[in-house]
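File shown: target_26.txt (compact mmCIF, C-alpha atoms).
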# COMPACT_ATOMS: atom_id res chain seq x y z
CA MET A 27 10.87 -2.23 -9.10
CA LYS A 28 12.17 1.25 -8.34
CA PHE A 29 15.67 1.47 -6.89
CA THR A 30 17.31 4.11 -4.69
CA PHE A 31 21.02 3.68 -3.97
CA THR A 32 22.95 5.39 -1.17
CA GLU A 33 26.65 5.17 -0.36
CA LYS A 34 28.19 5.88 3.03
CA LYS A 35 31.97 6.28 3.25
CA MET A 36 32.47 4.68 -0.18
CA ASP A 37 31.74 4.95 -3.89
CA SER A 38 29.87 2.10 -5.56
CA SER A 39 30.58 0.96 -9.10
CA GLU A 40 28.03 0.66 -11.89
CA GLU A 41 28.70 -3.10 -11.90
CA LEU A 42 27.70 -3.34 -8.22
CA ARG A 43 24.52 -1.35 -8.83
CA ALA A 44 23.62 -3.50 -11.86
CA TYR A 45 24.32 -6.66 -9.85
CA SER A 46 22.14 -5.40 -6.99
CA GLU A 47 19.30 -4.46 -9.35
CA LYS A 48 19.44 -7.92 -10.94
CA LYS A 49 19.45 -9.79 -7.60
CA ILE A 50 16.89 -7.60 -5.80
CA GLY A 51 14.72 -7.36 -8.92
CA LYS A 52 14.05 -11.10 -8.67
CA LEU A 53 12.05 -10.41 -5.50
CA ASP A 54 9.55 -8.38 -7.56
CA ARG A 55 7.72 -11.63 -8.43
CA PHE A 56 6.37 -11.78 -4.87
CA PHE A 57 4.47 -8.51 -5.18
CA LYS A 58 1.32 -7.65 -7.11
CA THR A 59 2.12 -3.93 -7.23
CA GLU A 60 5.41 -2.23 -8.01
CA ALA A 61 7.77 -2.26 -5.03
CA GLU A 62 10.50 0.20 -4.08
CA ALA A 63 13.98 -0.91 -3.06
CA PHE A 64 16.31 1.24 -0.97
CA VAL A 65 19.90 -0.03 -0.97
CA THR A 66 22.63 1.47 1.21
CA TYR A 67 26.27 0.47 0.77
CA SER A 68 28.79 1.26 3.50
CA ILE A 69 32.18 0.22 4.84
CA GLU A 70 32.64 -0.48 8.55
CA ARG A 71 36.09 -1.41 9.87
CA GLY A 72 37.16 -2.87 6.54
CA ARG A 73 33.99 -4.91 6.06
CA PHE A 74 31.20 -4.23 3.59
CA ARG A 75 27.62 -3.63 4.70
CA ALA A 76 24.61 -3.80 2.38
CA GLU A 77 21.33 -2.60 3.87
CA ILE A 78 18.30 -3.48 1.75
CA THR A 79 14.80 -2.20 2.46
CA ILE A 80 11.88 -3.11 0.21
CA LYS A 81 8.62 -1.23 0.48
CA ASN A 82 5.48 -2.67 -1.03
CA GLY A 83 2.14 -1.22 -0.10
CA GLY A 84 2.05 -1.02 3.67
CA LEU A 85 4.78 -3.54 4.39
CA PHE A 86 8.51 -3.04 4.71
CA TYR A 87 11.10 -5.80 4.47
CA ARG A 88 14.59 -4.99 5.74
CA ALA A 89 17.91 -6.82 5.87
CA SER A 90 21.40 -5.64 6.76
CA GLU A 91 24.38 -7.87 6.04
CA LEU A 92 28.05 -7.34 6.88
CA THR A 93 30.65 -9.48 5.04
CA SER A 94 34.14 -9.19 3.58
CA ASP A 95 32.72 -8.74 0.03
CA MET A 96 29.97 -6.30 -1.03
CA TYR A 97 28.55 -8.77 -3.58
CA ALA A 98 28.26 -11.42 -0.85
CA SER A 99 26.52 -8.86 1.39
CA VAL A 100 23.96 -8.16 -1.34
CA ASP A 101 23.40 -11.90 -1.92
CA SER A 102 22.95 -12.56 1.78
CA GLY A 103 20.58 -9.60 2.18
CA VAL A 104 18.41 -10.75 -0.74
CA ALA A 105 18.26 -14.28 0.69
CA SER A 106 17.24 -12.89 4.09
CA ILE A 107 14.47 -10.75 2.61
CA GLU A 108 13.22 -13.66 0.51
CA ARG A 109 12.94 -15.77 3.69
CA GLN A 110 11.02 -12.94 5.39
CA ILE A 111 8.63 -12.61 2.46
CA ARG A 112 7.96 -16.35 2.21
CA ARG A 113 7.47 -16.76 5.96
CA ASN A 114 5.22 -13.74 6.35
CA LYS A 115 3.13 -14.17 3.20
CA THR A 116 2.02 -17.55 4.54
CA ARG A 117 1.31 -16.07 7.95
CA LEU A 118 -0.64 -13.20 6.40
CA ALA A 119 -2.68 -15.53 4.23
CA LYS A 120 -3.61 -17.65 7.25
CA ARG A 121 -4.25 -15.05 9.94
CA LEU A 122 -5.02 -11.68 8.46
CA ARG A 123 -7.69 -10.13 6.32
CA GLU A 124 -7.70 -10.16 2.53
CA GLY A 125 -5.65 -7.58 0.65
CA VAL A 126 -3.23 -6.69 3.45
CA MET A 127 -0.22 -7.00 1.13
CA GLU A 128 -1.61 -4.37 -1.26
CA ARG A 129 -2.47 -1.67 1.30
CA ASP A 130 -1.15 1.77 0.43
CA VAL A 131 0.76 3.52 3.21
CA VAL A 132 2.84 6.55 2.35
CA PRO A 133 5.30 7.49 5.09
CA ALA A 134 6.59 11.03 4.96
CA TYR A 135 9.98 11.51 6.55
CA ALA A 136 10.97 14.88 7.89
CA ALA A 137 14.32 16.01 9.24
CA ALA A 138 14.38 17.41 12.75
CA ALA A 139 14.38 21.20 13.02
CA GLU A 140 17.11 23.10 14.83
CA GLU A 141 16.26 23.33 18.54
CA ASP A 142 16.95 25.98 21.17
CA GLU A 143 20.24 25.59 22.98
CA ALA A 144 18.22 25.92 26.20
CA ALA A 145 16.34 22.71 25.38
CA ASP A 146 19.47 20.56 25.03
CA GLU A 147 18.22 18.20 27.73
CA PHE A 148 15.34 17.02 25.54
CA LYS A 149 16.82 17.67 22.12
CA ILE A 150 15.02 15.86 19.32
CA VAL A 151 17.66 14.63 16.89
CA ARG A 152 15.39 12.88 14.40
CA SER A 153 11.75 13.15 13.51
CA LYS A 154 9.57 10.90 11.34
CA ARG A 155 6.06 11.30 10.04
CA PHE A 156 3.94 8.48 8.77
CA SER A 157 0.29 7.71 8.29
CA ILE A 158 -1.23 5.40 10.87
CA LYS A 159 -3.43 2.81 9.20
CA PRO A 160 -6.09 0.57 10.78
CA MET A 161 -4.90 -3.00 11.35
CA SER A 162 -5.23 -5.84 13.81
CA PRO A 163 -2.71 -6.25 16.67
CA GLU A 164 -1.38 -9.40 14.97
CA GLU A 165 -0.70 -7.47 11.78
CA ALA A 166 1.01 -4.70 13.78
CA ILE A 167 3.27 -7.28 15.49
CA LEU A 168 4.13 -8.73 12.10
CA GLN A 169 4.98 -5.28 10.72
CA MET A 170 7.07 -4.47 13.83
CA ASN A 171 9.03 -7.70 13.38
CA LEU A 172 9.56 -7.05 9.66
CA LEU A 173 11.05 -3.66 10.50
CA ASP A 174 13.02 -5.12 13.41
CA HIS A 175 11.71 -2.39 15.74
CA GLU A 176 10.96 -2.57 19.45
CA PHE A 177 7.47 -1.03 19.12
CA PHE A 178 4.88 -0.15 16.46
CA VAL A 179 2.07 2.44 16.51
CA PHE A 180 -1.19 1.64 14.70
CA ARG A 181 -4.95 2.12 14.70
CA ASN A 182 -6.54 -0.95 16.29
CA MET A 183 -9.35 -1.99 13.97
CA ASP A 184 -10.62 -4.37 16.68
CA GLU A 185 -11.29 -1.38 19.00
CA ASN A 186 -12.95 1.28 16.80
CA ASP A 187 -9.65 2.43 15.25
CA ASN A 188 -8.26 3.68 18.58
CA ILE A 189 -4.54 4.48 18.62
CA ALA A 190 -2.55 1.54 19.99
CA ILE A 191 1.07 0.45 20.42
CA VAL A 192 2.48 -3.07 20.35
CA TYR A 193 5.93 -3.66 21.84
CA LYS A 194 8.41 -6.44 22.60
CA ARG A 195 8.58 -7.26 26.31
CA ASN A 196 11.96 -7.89 27.95
CA GLN A 197 10.60 -11.10 29.51
CA GLY A 198 9.49 -12.35 26.08
CA GLY A 199 6.19 -12.01 24.26
CA TYR A 200 4.48 -8.80 23.23
CA GLY A 201 2.57 -6.03 24.97
CA LEU A 202 -0.34 -3.90 23.75
CA ILE A 203 -1.03 -0.34 24.92
CA SER A 204 -4.41 1.08 23.88
CA ASP A 205 -6.17 4.43 24.03
CA GLU A 206 -9.04 4.52 26.59
CA ARG A 207 -11.54 6.56 24.60
CA GLU A 208 -14.58 4.78 23.29

Any chance you could give the structure as structure tokens?
Amino acid sequence: MKFTFTEKKMDSSEELRAYSEKKIGKLDRFFKTEAEAFVTYSIERGRFRAEITIKNGGLFYRASELTSDMYASVDSGVASIERQIRRNKTRLAKRLREGVMERDVVPAYAAAAEEDEAADEFKIVRSKRFSIKPMSPEEAILQMNLLDHEFFVFRNMDENDNIAIVYKRNQGGYGLISDERE
């Protein structure tokens, strides 16, 4: 597993990094291909936050834990991701097509460019680029939930790879917005 560590408002020790690599590295057994782990350590109001994101193929697993001890935050984050993996691997095996866990999606992140001062009303403060892969709406909902996002853009393989968006409705359940073209 490849690791990327980031610190916000703190410096992490080599012992903490080694501990994190050991704990998070145990999750590697769930994946057939090499996964990437992104770990962010930060301090918020005297408490320690560990944000762990694991990328494997087309799926992302994310957990963010805030405790009074950084080691406990790492432990709790790893346990949370392990629950996500176990729960969703079973769901994927039952409901989705073969090989979904090994799909290769390479997101490319780009920083937002400086904007005109005249366009302050609609100033874009962050920009992301990613490839949109074909998947079923169920798989898109699963991916949205894994990322803990409110919506997810995908190509709907059930409708000739048209662009579609799934989103969480305020009244509960999910919505699907699809492109009209045929």

Item to complete: Could you check which of A:Val104, A:Leu202, A:Val192, A:Leu92 is closest to Phe74 (chain A), using all atoms listed in the file?
Response: A:Leu92

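If you count all atoms listed in the file and ignore residues fewer than 5 places along the chain from Lys28 (chain A), what sits within 8 Å of it is A:Glu60, A:Ala61, A:Glu62, A:Ala63.
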
Would you pick out the contacts of Met96 (chain A) at 8 Å or less, using all atoms listed in the file, so that residues sharing its chain but fewer than 4 positions from it are not included, and give the list as a CSV table (one decimal) with C-alpha atoms, in the coordinates of the input?
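Done, and the output landed in result_18.csv:
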chain,number,residue,atom,x,y,z
A,67,TYR,CA,26.3,0.5,0.8
A,74,PHE,CA,31.2,-4.2,3.6
A,75,ARG,CA,27.6,-3.6,4.7
A,76,ALA,CA,24.6,-3.8,2.4
A,100,VAL,CA,24.0,-8.2,-1.3

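Closest to Ala105 (chain A) among A:Glu91, A:Glu33, A:Glu41, A:Asp187 is A:Glu91, based on all atoms listed in the file.
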
Worksheet item: Which value, in Å to one decimal, gives the distance between CA of Glu40 (chain A) and CA of Tyr87 (chain A)?
Response: 24.4 Å

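In this structure, CA of Leu53 (chain A) sits 27.3 Å away from CA of Lys154 (chain A).
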
Discussion item. Would you pick out the contacts of Ser102 (chain A) at 12 Å or less, using all atoms listed in the file, so that residues sharing its chain but fewer than 3 positions from it are not included, and give the list as a PyMOL selection string?
Written reply: chain A and resi 46+49-50+74-78+88-99+105-109

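Here CA of Glu47 (chain A) stands at a distance of 19.8 Å from CA of Gly83 (chain A).
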
Worksheet item: Taking only C-alpha atoms into account, which of A:Lys52, A:Lys81, A:Thr32, A:Gly103 comes nearest Val65 (chain A)?
Response: A:Thr32
